[in-house]
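Structure file start.txt (compact mmCIF, C-alpha atoms and all ligand atoms) is printed below.
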# COMPACT_ATOMS: atom_id res chain seq x y z
CA MET O 78 0.00 0.00 0.00
CA SER O 79 1.42 3.38 -0.98
CA LYS O 80 1.14 6.63 0.89
CA GLN O 81 0.04 9.82 -0.82
CA LEU O 82 0.25 13.24 0.82
CA VAL O 83 -2.39 15.71 -0.29
CA ILE O 84 -1.81 19.37 0.48
CA GLY O 85 -5.05 21.09 1.46
CA GLU O 86 -5.26 24.74 0.52
CA VAL O 87 -7.13 27.08 2.80
CA SER O 88 -8.65 30.33 1.65
CA ASP O 89 -10.96 32.62 3.63
CA GLY O 90 -11.32 30.07 6.43
CA GLY O 91 -12.33 27.16 4.21
CA PHE O 92 -10.74 24.71 1.81
CA ARG O 93 -10.36 25.53 -1.83
CA ASN O 94 -12.21 22.87 -3.77
CA VAL O 95 -9.03 21.79 -5.52
CA SER O 96 -7.90 20.29 -2.19
CA PHE O 97 -10.71 17.73 -2.46
CA GLU O 98 -10.00 17.16 -6.15
CA ALA O 99 -6.39 16.41 -5.16
CA ILE O 100 -7.65 13.71 -2.77
CA ALA O 101 -9.58 12.10 -5.64
CA ALA O 102 -6.45 12.30 -7.81
CA ALA O 103 -4.36 10.60 -5.09
CA LYS O 104 -6.93 7.78 -4.89
CA GLN O 105 -6.80 7.42 -8.66
CA LEU O 106 -3.04 6.90 -8.45
CA ASP O 107 -3.53 4.06 -6.01
CA GLU O 108 -6.99 3.03 -4.90
CA SER O 109 -5.62 1.34 -1.80
CA ALA O 110 -3.23 4.18 -0.90
CA GLU O 111 -3.24 5.75 2.51
CA VAL O 112 -4.19 9.34 1.72
CA VAL O 113 -2.79 11.77 4.27
CA GLY O 114 -4.04 15.36 4.14
CA VAL O 115 -1.70 18.16 5.19
CA VAL O 116 -3.15 21.49 6.25
CA ILE O 117 -0.93 24.44 7.04
CA GLY O 118 -2.01 27.76 8.50
CA GLU O 119 -2.46 29.86 11.58
CA SER O 120 -5.61 28.16 12.79
CA VAL O 121 -6.72 25.27 10.62
CA ALA O 122 -7.40 22.36 12.98
CA SER O 123 -11.12 23.12 13.17
CA ILE O 124 -11.65 22.55 9.44
CA ALA O 125 -9.10 19.75 8.90
CA GLU O 126 -11.68 16.96 9.25
CA GLU O 127 -13.34 18.15 6.08
CA MET O 128 -10.51 16.45 4.17
CA VAL O 129 -11.46 13.14 5.77
CA LYS O 130 -15.06 13.54 4.61
CA TYR O 131 -13.74 13.89 1.06
CA GLY O 132 -11.65 10.73 1.25
CA ALA O 133 -8.45 11.39 3.24
CA ASP O 134 -7.60 8.66 5.77
CA ARG O 135 -6.01 11.04 8.24
CA VAL O 136 -4.91 14.65 8.34
CA ILE O 137 -1.80 16.36 9.70
CA THR O 138 -2.19 19.98 10.74
CA VAL O 139 0.70 22.39 11.24
CA GLU O 140 -0.28 25.63 12.90
CA SER O 141 1.72 28.77 13.62
CA ASP O 142 1.16 32.50 13.40
CA LYS O 143 4.09 32.46 10.95
CA LEU O 144 1.98 30.33 8.62
CA LYS O 145 -1.00 32.64 8.40
CA GLU O 146 -0.18 33.54 4.80
CA TYR O 147 1.67 31.44 2.26
CA THR O 148 5.38 32.10 1.94
CA PRO O 149 7.64 29.69 0.05
CA GLU O 150 10.22 29.68 2.84
CA ALA O 151 7.88 28.80 5.69
CA TYR O 152 5.82 26.30 3.71
CA SER O 153 8.89 24.50 2.40
CA GLN O 154 10.28 24.17 5.93
CA VAL O 155 6.99 22.60 7.04
CA LEU O 156 6.52 20.35 4.03
CA MET O 157 10.13 19.12 4.09
CA GLU O 158 9.60 18.04 7.68
CA VAL O 159 6.25 16.36 6.94
CA ILE O 160 7.74 14.55 3.92
CA GLU O 161 10.70 13.37 5.98
CA LYS O 162 8.41 12.09 8.73
CA GLU O 163 5.87 10.41 6.47
CA SER O 164 8.07 9.15 3.58
CA PRO O 165 5.22 9.21 1.04
CA GLU O 166 5.35 7.83 -2.49
CA GLY O 167 3.54 10.85 -3.90
CA ILE O 168 2.52 14.42 -3.10
CA VAL O 169 -0.56 15.87 -4.78
CA MET O 170 -1.64 19.51 -4.68
CA GLY O 171 -3.57 22.06 -6.70
CA HIS O 172 -1.97 23.80 -9.67
CA THR O 173 -2.67 27.09 -7.92
CA TYR O 174 -0.29 29.93 -7.23
CA ILE O 175 0.89 27.98 -4.18
CA GLY O 176 1.26 24.64 -5.95
CA ARG O 177 2.97 26.23 -8.94
CA ASP O 178 5.45 27.91 -6.63
CA ILE O 179 6.26 25.26 -4.08
CA ALA O 180 6.05 21.95 -5.96
CA PRO O 181 9.06 22.60 -8.24
CA LYS O 182 11.05 24.00 -5.29
CA LEU O 183 10.52 20.89 -3.19
CA ALA O 184 10.88 18.49 -6.11
CA SER O 185 14.25 19.96 -7.02
CA LYS O 186 15.40 19.97 -3.39
CA LEU O 187 14.50 16.30 -3.10
CA GLY O 188 15.61 15.32 -6.60
CA SER O 189 12.12 13.99 -7.37
CA GLY O 190 9.88 13.94 -10.40
CA LEU O 191 7.19 16.57 -10.94
CA VAL O 192 4.24 16.58 -13.29
CA SER O 193 2.49 19.92 -13.24
CA ASP O 194 -0.89 21.17 -14.47
CA VAL O 195 -2.39 17.69 -14.72
CA THR O 196 -5.92 17.62 -16.15
CA ALA O 197 -6.49 13.85 -16.08
CA ILE O 198 -4.88 10.64 -14.88
CA GLU O 199 -4.97 7.48 -16.99
CA GLY O 200 -4.60 4.21 -15.18
CA SER O 201 -2.43 4.68 -12.14
CA SER O 202 0.63 6.36 -13.57
CA GLN O 203 -0.04 8.29 -16.76
CA PHE O 204 -0.68 11.99 -16.43
CA ILE O 205 -2.36 14.08 -19.11
CA ARG O 206 -1.36 17.73 -19.28
CA PRO O 207 -1.92 20.50 -21.83
CA ILE O 208 1.03 21.84 -23.83
CA TYR O 209 1.49 24.56 -26.47
CA SER O 210 -1.03 26.84 -24.72
CA GLY O 211 -3.67 24.11 -24.63
CA LYS O 212 -3.40 23.26 -28.34
CA ALA O 213 -2.21 19.72 -27.60
CA PHE O 214 -2.00 17.31 -24.69
CA GLU O 215 0.91 15.17 -23.64
CA LYS O 216 1.00 11.99 -21.63
CA VAL O 217 3.71 11.86 -18.96
CA GLU O 218 4.90 9.12 -16.69
CA ILE O 219 7.36 9.26 -13.79
CA GLU O 220 9.34 6.07 -13.86
CA GLU O 221 10.44 5.82 -10.26
CA GLY O 222 10.85 7.60 -6.95
CA LEU O 223 8.88 10.25 -5.15
CA GLN O 224 6.50 12.12 -7.41
CA PHE O 225 5.00 15.59 -7.11
CA ILE O 226 1.76 16.19 -8.98
CA THR O 227 -0.07 19.50 -9.33
CA ILE O 228 -3.62 19.25 -10.68
CA ARG O 229 -5.48 21.94 -12.58
CA PRO O 230 -8.62 23.00 -10.66
CA ASN O 231 -12.01 21.88 -12.03
CA ASN O 232 -10.72 18.91 -14.02
CA ILE O 233 -10.53 15.86 -11.76
CA PRO O 234 -13.85 15.61 -9.91
CA ALA O 235 -13.74 15.42 -6.11
CA LEU O 236 -15.26 12.34 -4.46
CA GLU O 237 -18.69 12.74 -2.97
CA LYS O 238 -18.59 14.10 0.57
CA ASP O 239 -19.23 11.37 3.13
CA GLU O 240 -20.29 12.88 6.47
CA GLY O 241 -19.92 9.47 8.11
CA ARG O 242 -16.20 9.04 7.34
CA ASN O 243 -13.82 9.16 10.27
CA GLY O 244 -10.08 9.67 10.44
CA ASN O 245 -7.51 11.08 12.80
CA VAL O 246 -6.50 14.72 12.77
CA GLU O 247 -2.99 14.99 14.23
CA ALA O 248 -1.18 18.22 15.09
CA LEU O 249 2.48 18.32 14.17
CA ASP O 250 4.83 20.83 15.76
CA VAL O 251 7.25 22.36 13.30
CA GLU O 252 9.57 25.12 14.32
CA VAL O 253 9.41 27.69 11.52
CA LYS O 254 12.60 29.71 11.74
CA ASP O 255 14.99 32.15 10.09
CA LEU O 256 12.37 33.62 7.80
CA GLN O 257 13.64 36.32 5.46
CA MET O 258 10.15 37.37 4.48
CA ILE O 259 7.11 38.02 6.64
CA ILE O 260 3.77 39.01 5.14
CA LYS O 261 2.18 41.69 7.28
CA ASP O 262 -1.05 42.21 5.43
CA VAL O 263 -2.85 41.03 2.33
CA VAL O 264 -5.05 43.45 0.46
CA LYS O 265 -7.54 41.61 -1.69
CA ASN O 266 -8.72 43.08 -4.92
CA THR O 267 -11.85 41.27 -5.96
CA THR O 268 -14.83 42.37 -7.95
CA SER O 269 -16.89 39.27 -7.45
CA GLY O 270 -17.38 36.83 -4.64
CA VAL O 271 -16.62 33.88 -6.93
CA ASP O 272 -13.00 32.73 -7.26
CA LEU O 273 -12.07 32.92 -10.95
CA SER O 274 -9.81 29.87 -11.05
CA GLU O 275 -12.43 27.60 -9.45
CA ALA O 276 -15.61 29.16 -10.89
CA SER O 277 -17.93 26.84 -12.77
CA ILE O 278 -19.33 29.73 -14.83
CA ILE O 279 -17.28 32.69 -16.10
CA VAL O 280 -18.54 35.75 -17.95
CA SER O 281 -15.54 37.33 -19.62
CA GLY O 282 -15.33 40.69 -21.37
CA GLY O 283 -13.02 42.26 -23.91
CA ARG O 284 -12.27 45.57 -25.52
CA GLY O 285 -15.69 45.45 -27.18
CA LEU O 286 -17.18 46.67 -23.87
CA LYS O 287 -15.60 50.05 -24.65
CA SER O 288 -15.51 51.49 -21.10
CA MET O 289 -15.20 50.69 -17.42
CA GLU O 290 -18.78 51.82 -16.95
CA ASN O 291 -20.07 49.42 -19.63
CA PHE O 292 -18.04 46.56 -18.13
CA LYS O 293 -20.54 46.55 -15.26
CA ILE O 294 -23.17 44.90 -17.48
CA LEU O 295 -21.07 41.77 -17.12
CA ASP O 296 -21.29 42.00 -13.33
CA GLU O 297 -25.09 41.96 -13.60
CA LEU O 298 -25.11 38.88 -15.85
CA ALA O 299 -22.55 37.18 -13.60
CA GLU O 300 -24.56 37.88 -10.49
CA VAL O 301 -27.70 36.25 -11.93
CA LEU O 302 -25.70 33.19 -13.00
CA GLY O 303 -23.57 32.92 -9.84
CA ALA O 304 -20.59 33.38 -12.12
CA ALA O 305 -17.16 35.02 -11.80
CA VAL O 306 -16.16 37.86 -14.11
CA GLY O 307 -13.03 37.55 -16.22
CA ALA O 308 -11.45 39.67 -18.94
CA SER O 309 -9.13 39.74 -21.92
CA ARG O 310 -5.85 41.59 -21.64
CA GLY O 311 -7.29 44.09 -24.11
CA ALA O 312 -9.93 45.04 -21.55
CA CYS O 313 -7.36 45.19 -18.72
CA ASP O 314 -4.93 47.30 -20.78
CA ALA O 315 -7.76 49.69 -21.59
CA GLU O 316 -8.42 49.96 -17.82
CA TYR O 317 -12.00 48.68 -18.05
CA CYS O 318 -11.18 46.30 -15.21
CA ASP O 319 -8.40 45.11 -12.93
CA TYR O 320 -5.56 42.86 -14.15
CA ALA O 321 -6.63 40.34 -11.50
CA LEU O 322 -9.39 39.38 -13.95
CA GLN O 323 -7.10 38.69 -16.90
CA ILE O 324 -7.44 35.26 -18.46
CA GLY O 325 -4.88 33.83 -20.84
CA GLN O 326 -1.28 33.01 -21.40
CA THR O 327 -0.09 35.78 -19.09
CA GLY O 328 -3.20 35.74 -16.92
CA LYS O 329 -5.20 33.01 -15.21
CA VAL O 330 -5.89 29.61 -16.72
CA VAL O 331 -9.49 28.57 -16.18
CA THR O 332 -11.60 25.50 -16.90
CA PRO O 333 -15.20 26.36 -16.05
CA ASP O 334 -18.25 24.38 -17.16
CA LEU O 335 -19.46 27.45 -19.03
CA TYR O 336 -17.39 30.34 -20.44
CA ILE O 337 -19.27 33.27 -21.92
CA ALA O 338 -16.89 35.41 -24.01
CA VAL O 339 -18.31 38.87 -24.60
CA GLY O 340 -16.80 41.36 -27.04
CA LEU O 341 -13.39 39.73 -27.16
CA SER O 342 -11.74 38.58 -30.36
CA GLY O 343 -10.27 35.26 -29.24
CA ALA O 344 -6.57 36.05 -29.68
CA ILE O 345 -4.34 33.00 -29.26
CA GLN O 346 -2.96 34.36 -25.97
CA HIS O 347 -6.48 34.65 -24.56
CA VAL O 348 -7.58 31.25 -25.84
CA ALA O 349 -4.56 29.67 -24.11
CA GLY O 350 -6.23 30.40 -20.78
CA MET O 351 -9.78 29.24 -21.50
CA SER O 352 -9.90 26.80 -24.41
CA ASN O 353 -10.41 23.83 -22.08
CA SER O 354 -13.69 25.27 -20.78
CA LYS O 355 -16.41 22.65 -21.16
CA VAL O 356 -18.91 24.85 -23.05
CA ILE O 357 -17.91 28.14 -24.70
CA VAL O 358 -20.46 30.75 -25.73
CA ALA O 359 -19.20 33.73 -27.76
CA ILE O 360 -20.97 37.02 -28.31
CA ASN O 361 -19.32 39.19 -30.96
CA LYS O 362 -20.56 41.50 -33.69
CA ASP O 363 -17.90 40.28 -36.12
CA PRO O 364 -18.89 36.90 -37.60
CA GLU O 365 -15.23 36.35 -38.56
CA ALA O 366 -13.95 36.80 -34.98
CA GLU O 367 -11.54 34.00 -34.06
CA ILE O 368 -13.42 33.22 -30.87
CA PHE O 369 -16.17 31.61 -32.98
CA GLN O 370 -13.68 28.95 -34.10
CA ILE O 371 -13.56 27.46 -30.62
CA ALA O 372 -17.06 28.41 -29.44
CA ASP O 373 -19.75 25.74 -28.99
CA TYR O 374 -22.45 28.39 -29.37
CA GLY O 375 -22.01 31.72 -31.10
CA ILE O 376 -24.21 34.80 -31.05
CA VAL O 377 -23.36 37.32 -33.78
CA GLY O 378 -24.60 40.73 -32.74
CA ASP O 379 -24.17 43.79 -30.60
CA LEU O 380 -23.27 42.84 -27.03
CA PHE O 381 -25.07 45.92 -25.71
CA ASP O 382 -28.35 44.46 -27.01
CA ILE O 383 -27.63 40.84 -26.21
CA VAL O 384 -26.11 40.91 -22.70
CA PRO O 385 -28.97 42.85 -20.99
CA LYS O 386 -31.49 40.52 -22.68
CA LEU O 387 -29.65 37.45 -21.45
CA THR O 388 -29.50 38.88 -17.93
CA GLU O 389 -33.23 39.56 -18.01
CA GLU O 390 -34.11 36.08 -19.31
CA PHE O 391 -31.81 34.29 -16.83
CA ARG O 392 -33.28 36.39 -14.03
CA LYS O 393 -36.78 35.17 -14.97
CA ALA O 394 -35.52 31.59 -15.08
CA VAL O 395 -33.84 31.85 -11.68
CA VAL O 396 -36.84 33.39 -9.85
P1 LIG O 401 -9.82 43.02 -29.51
O1 LIG O 401 -8.91 42.06 -30.17
O2 LIG O 401 -9.78 44.44 -29.89
O3 LIG O 401 -11.29 42.45 -29.72
C1 LIG O 401 -12.47 43.15 -29.39
C2 LIG O 401 -13.62 42.38 -29.98
O4 LIG O 401 -14.84 42.97 -29.59
C3 LIG O 401 -13.62 42.33 -31.52
O5 LIG O 401 -13.65 40.97 -31.93
C4 LIG O 401 -14.90 43.06 -31.92
O6 LIG O 401 -15.53 42.48 -33.05
C5 LIG O 401 -15.75 42.88 -30.67
N1 LIG O 401 -16.74 43.95 -30.49
C6 LIG O 401 -16.54 45.29 -30.54
N2 LIG O 401 -17.69 45.94 -30.27
C7 LIG O 401 -18.63 45.00 -30.07
C8 LIG O 401 -20.02 45.05 -29.77
N3 LIG O 401 -20.66 46.21 -29.61
N4 LIG O 401 -20.71 43.88 -29.65
C9 LIG O 401 -20.06 42.68 -29.83
N5 LIG O 401 -18.75 42.58 -30.10
C10 LIG O 401 -18.04 43.73 -30.23
N6 LIG O 401 -4.55 38.62 -24.14
C11 LIG O 401 -5.34 38.02 -23.23
O7 LIG O 401 -6.57 38.14 -23.28
N7 LIG O 401 -4.78 37.30 -22.22
C12 LIG O 401 -3.43 37.13 -22.09
O8 LIG O 401 -3.00 36.46 -21.14
C13 LIG O 401 -2.60 37.73 -23.05
N8 LIG O 401 -1.26 37.56 -23.00
C14 LIG O 401 -0.49 38.12 -23.99
C15 LIG O 401 0.90 37.88 -23.99
C16 LIG O 401 1.69 38.40 -24.99
C17 LIG O 401 3.16 38.11 -24.97
C18 LIG O 401 1.10 39.18 -26.02
C19 LIG O 401 1.95 39.74 -27.14
C20 LIG O 401 -0.24 39.43 -26.03
C21 LIG O 401 -1.06 38.91 -25.01
N9 LIG O 401 -2.44 39.15 -25.00
C22 LIG O 401 -3.21 38.51 -24.08
C23 LIG O 401 -3.07 40.12 -25.90
C24 LIG O 401 -3.77 39.51 -27.09
O9 LIG O 401 -2.85 39.29 -28.12
C25 LIG O 401 -4.91 40.43 -27.61
O10 LIG O 401 -4.34 41.68 -27.92
C26 LIG O 401 -6.02 40.64 -26.60
O11 LIG O 401 -6.48 39.41 -26.11
C27 LIG O 401 -7.17 41.38 -27.31
O12 LIG O 401 -8.17 41.69 -26.39
P2 LIG O 401 -9.69 41.78 -26.89
O13 LIG O 401 -10.09 40.50 -27.53
O14 LIG O 401 -10.49 42.27 -25.76
O15 LIG O 401 -9.64 42.99 -27.94

The structure in this file should be written as structure tokens.
Amino acid sequence: MSKQLVIGEVSDGGFRNVSFEAIAAAKQLDESAEVVGVVIGESVASIAEEMVKYGADRVITVESDKLKEYTPEAYSQVLMEVIEKESPEGIVMGHTYIGRDIAPKLASKLGSGLVSDVTAIEGSSQFIRPIYSGKAFEKVEIEEGLQFITIRPNNIPALEKDEGRNGNVEALDVEVKDLQMIIKDVVKNTTSGVDLSEASIIVSGGRGLKSMENFKILDELAEVLGAAVGASRGACDAEYCDYALQIGQTGKVVTPDLYIAVGLSGAIQHVAGMSNSKVIVAINKDPEAEIFQIADYGIVGDLFDIVPKLTEEFRKAVV
């Protein structure tokens, strides 16, 4: 029986869903594996059991006021100690800003294999991951030794929550020391309550919106749908919205169930961040716009007519 460590990611006092997806991925690697959750933070013990309900066999918590916010230094000290103590065969985490940062650091320190941005697992050892900005997929295998896997959110479904599952939650004391960097405060810049990288519906706008004021019509549609708002770099560069919303090669990579692209052309750099969305709807007045080449449904017309109508119709449907 192998042992898989799954790093749980905490945000705003709860787990990010990708933590539970990582548990499912660990089980896929070895159905009989002992799955050990690891939760790091200032005060995380009270939520740790949630990982058990999603399939972890036990959970290790490491708490310290120095771990309130993610820093590569502090987290690598903790994870190196947990890995040494547990000697796992694999470590699975989300392909989030934390996973993207820390997995390669630890893998190189330990001389282990790393497969990043995994969207599916075939059998027990073959990892599928997008390459060339999502234009192709490659199949990767780690032949031997400890393996680090980061999984793209929203691709490997979490197991169903089982309220009846039990497992130990153990606190581990790790002395976090000699930190060069301490985060004093985090200022969040969000325009919607829904996290873009884990949203199941995204309404995304481009330069076609023409102003910051007009961009707000997307907020209304998003609110009715329970969606997050995203944007093209064109819209961000034009200051219609914040760069935190940018999707694409140099922005966020998203995989929602539904992506509604409004007034954006579908430049290759944008498509790189959203082409794996399950259903793509494009609204554009130019029937030749590139976005229609990857859209499942296309609406050719003026977004200023179409978007308010959609919002109105969805509102009726929701009530
Ligand atoms: P445009 O290309 O100007 O498209 C606007 C669209 O709106 C047009 O198709 C037009 O027909 C439509 N439109 C206009 N008015 C209306 C209306 N009333 N109703 C309906 N439709 C209308 N871009 C990203 O998005 N993400 C990235 O991460 C990214 N990274 C980049 C990295 C590099 C190195 C480079 C060089 C570029 C990058 N870009 C990125 C920029 C990218 O190449 C495009 O310039 C950008 O995506 C264009 O934004 P847009 O589609 O909003 O604007």

Need to verify the contact set: Glu127 of chain O, 10 Å, all atoms listed in the file, exclusion of same-chain residues closer than 6 positions in sequence. Can you return it as a tab-separated table (two decimals) with C-alpha atoms, in the coordinates of the input?
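Here's the written file out_27.tsv:
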chain	number	residue	atom	x	y	z
O	85	GLY	CA	-5.05	21.09	1.46
O	91	GLY	CA	-12.33	27.16	4.21
O	92	PHE	CA	-10.74	24.71	1.81
O	97	PHE	CA	-10.71	17.73	-2.46
O	114	GLY	CA	-4.04	15.36	4.14
O	133	ALA	CA	-8.45	11.39	3.24
O	136	VAL	CA	-4.91	14.65	8.34
O	238	LYS	CA	-18.59	14.10	0.57
O	239	ASP	CA	-19.23	11.37	3.13
O	240	GLU	CA	-20.29	12.88	6.47
O	242	ARG	CA	-16.20	9.04	7.34
O	243	ASN	CA	-13.82	9.16	10.27

Within 6 Å of ligand LIG 401 (chain O), counting all atoms listed in the file: which residues, as number ranges by chain?
O: 283-285, 309-312, 323-328, 340-344, 346-347, 360-363, 366, 378-381

Skipping near chain neighbours, those fewer than 4 positions away, what residues fall within 8 Å of Ser352 of chain O using only C-alpha atoms, listed as a PyMOL selection string? chain O and resi 211+332+348+371

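Nearest-residue note for Val395 of chain O: choosing from O:Val301, O:Ala308, O:Ile84, O:Met351, the minimum distance belongs to O:Val301, counting all atoms listed in the file.
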
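Using all atoms listed in the file, the nearest neighbour of Val113 of chain O within the list O:Val87, O:Val159, O:Leu256, O:Ala151 is O:Val159.
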
*asked:* As an exercise, work out the distance from atom CA of Val280 of chain O to atom CA of Ala338 of chain O in Å and give it to one decimal place.
replied: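 Interatomic distance, atom CA of Val280 of chain O to atom CA of Ala338 of chain O: 6.3 Å.
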
Practice prompt. Would you list the residues near (2.6, 24.2, -6.0), meaning any protein, DNA or RNA residue with an atom at most 12 Å from that point in file coordinates, counting all atoms listed in the file, as a PyMOL selection string?
Written response: chain O and resi 83-86+95-96+99+147-149+152-153+156+168-184+191-195+225-229

Considering all atoms listed in the file, return as a list in words whatever protein or nucleic-acid residues lie within 12 Å of Ala321 of chain O, sequence-local ones (same chain, fewer than 5 positions apart) excluded. Lys265, Asn266, Thr267, Thr268, Ser269, Asp272, Leu273, Ser274, Ala305, Val306, Gly307, Ala308, Ser309, Arg310, Ala312, Cys313, Asp314, Glu316, Thr327, Gly328, Lys329 and Val330 of chain O

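When all atoms listed in the file are used to compute distances to Val115 of chain O, the closest of the residues O:Glu161, O:Glu215, O:Glu98, O:Glu247 turns out to be O:Glu247.
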
- Query: How many Å lie between atom CA of Glu158 of chain O and atom CA of Val112 of chain O, rounded to one decimal?
  - Reply: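 Calculated distance between atom CA of Glu158 of chain O and atom CA of Val112 of chain O is 17.4 Å.
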
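Shortest atom-to-atom contact with Ile160 of chain O among O:Phe369, O:Leu302, O:Ser288, O:Lys80: O:Lys80, counting all atoms listed in the file.
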
Item to complete: Could you tell me which of O:Ala299, O:Val331, O:Ile205, O:Glu146 comes closest to Val264 of chain O if we count all atoms listed in the file?
Response: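 Ranked by minimum distance to Val264 of chain O, first place goes to O:Glu146.
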
Two-atom distance - atom CA of Thr388 of chain O, atom CA of Tyr320 of chain O (Å) =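 Distance reported for this atom pair: 24.6 Å.
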
Using all atoms listed in the file, the shortest atom-to-atom distance to Arg93 of chain O among O:Val377, O:Ala197, O:Val116, O:Leu249 belongs to O:Val116

Practice item. Find the residues near Ser201 of chain O: any atom within 10 Å, counting only C-alpha atoms, skip ones fewer than 4 places away on the same chain, and give them as a VMD selection string. Key: chain O and resid 102 to 108 218

Residues of the last selection are to be written out with C-alpha atoms, as an mmCIF file, in the coordinates of the input.
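The result, written out as result-v9.cif:
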data_model
loop_
_atom_site.group_PDB
_atom_site.id
_atom_site.type_symbol
_atom_site.label_atom_id
_atom_site.label_comp_id
_atom_site.auth_asym_id
_atom_site.auth_seq_id
_atom_site.Cartn_x
_atom_site.Cartn_y
_atom_site.Cartn_z
ATOM 1 C CA ALA O 102 -6.450 12.300 -7.810
ATOM 2 C CA ALA O 103 -4.360 10.600 -5.090
ATOM 3 C CA LYS O 104 -6.930 7.780 -4.890
ATOM 4 C CA GLN O 105 -6.800 7.420 -8.660
ATOM 5 C CA LEU O 106 -3.040 6.900 -8.450
ATOM 6 C CA ASP O 107 -3.530 4.060 -6.010
ATOM 7 C CA GLU O 108 -6.990 3.030 -4.900
ATOM 8 C CA GLU O 218 4.900 9.120 -16.690
#

Shell of 9 Å around Glu220 of chain O, only C-alpha atoms, local chain residues under 2 positions omitted, as a list in words
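Once the nearby chain positions are removed, what remains is Gly190, Ser202, Glu218 and Gly222 of chain O.
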
Since the input is missing atoms for segment 368-380 of chain O, could you rebuild it with N, CA and C atoms and give the result as an mmCIF file, in the coordinates of the input?
data_model
loop_
_atom_site.group_PDB
_atom_site.id
_atom_site.type_symbol
_atom_site.label_atom_id
_atom_site.label_comp_id
_atom_site.auth_asym_id
_atom_site.auth_seq_id
_atom_site.Cartn_x
_atom_site.Cartn_y
_atom_site.Cartn_z
ATOM 1 N N ILE O 368 -12.800 33.906 -32.013
ATOM 2 C CA ILE O 368 -13.420 33.220 -30.870
ATOM 3 C C ILE O 368 -14.490 32.229 -31.328
ATOM 4 N N PHE O 369 -15.132 32.512 -32.479
ATOM 5 C CA PHE O 369 -16.170 31.610 -32.980
ATOM 6 C C PHE O 369 -15.602 30.248 -33.403
ATOM 7 N N GLN O 370 -14.284 30.226 -33.677
ATOM 8 C CA GLN O 370 -13.680 28.950 -34.100
ATOM 9 C C GLN O 370 -13.614 27.932 -32.961
ATOM 10 N N ILE O 371 -13.615 28.430 -31.734
ATOM 11 C CA ILE O 371 -13.560 27.460 -30.620
ATOM 12 C C ILE O 371 -14.858 27.458 -29.818
ATOM 13 N N ALA O 372 -15.818 28.312 -30.223
ATOM 14 C CA ALA O 372 -17.060 28.410 -29.440
ATOM 15 C C ALA O 372 -17.997 27.236 -29.769
ATOM 16 N N ASP O 373 -18.711 26.757 -28.753
ATOM 17 C CA ASP O 373 -19.750 25.740 -28.990
ATOM 18 C C ASP O 373 -21.020 26.420 -29.475
ATOM 19 N N TYR O 374 -21.284 27.607 -28.950
ATOM 20 C CA TYR O 374 -22.450 28.390 -29.370
ATOM 21 C C TYR O 374 -21.985 29.804 -29.660
ATOM 22 N N GLY O 375 -22.419 30.360 -30.770
ATOM 23 C CA GLY O 375 -22.010 31.720 -31.100
ATOM 24 C C GLY O 375 -23.223 32.606 -31.312
ATOM 25 N N ILE O 376 -23.153 33.817 -30.806
ATOM 26 C CA ILE O 376 -24.210 34.800 -31.050
ATOM 27 C C ILE O 376 -23.545 35.976 -31.763
ATOM 28 N N VAL O 377 -23.921 36.191 -33.036
ATOM 29 C CA VAL O 377 -23.360 37.320 -33.780
ATOM 30 C C VAL O 377 -24.290 38.502 -33.575
ATOM 31 N N GLY O 378 -23.763 39.561 -32.973
ATOM 32 C CA GLY O 378 -24.600 40.730 -32.740
ATOM 33 C C GLY O 378 -23.958 41.689 -31.778
ATOM 34 N N ASP O 379 -24.684 42.738 -31.475
ATOM 35 C CA ASP O 379 -24.170 43.790 -30.600
ATOM 36 C C ASP O 379 -24.344 43.377 -29.133
ATOM 37 N N LEU O 380 -23.222 43.302 -28.429
ATOM 38 C CA LEU O 380 -23.270 42.840 -27.030
ATOM 39 C C LEU O 380 -24.161 43.731 -26.171
#
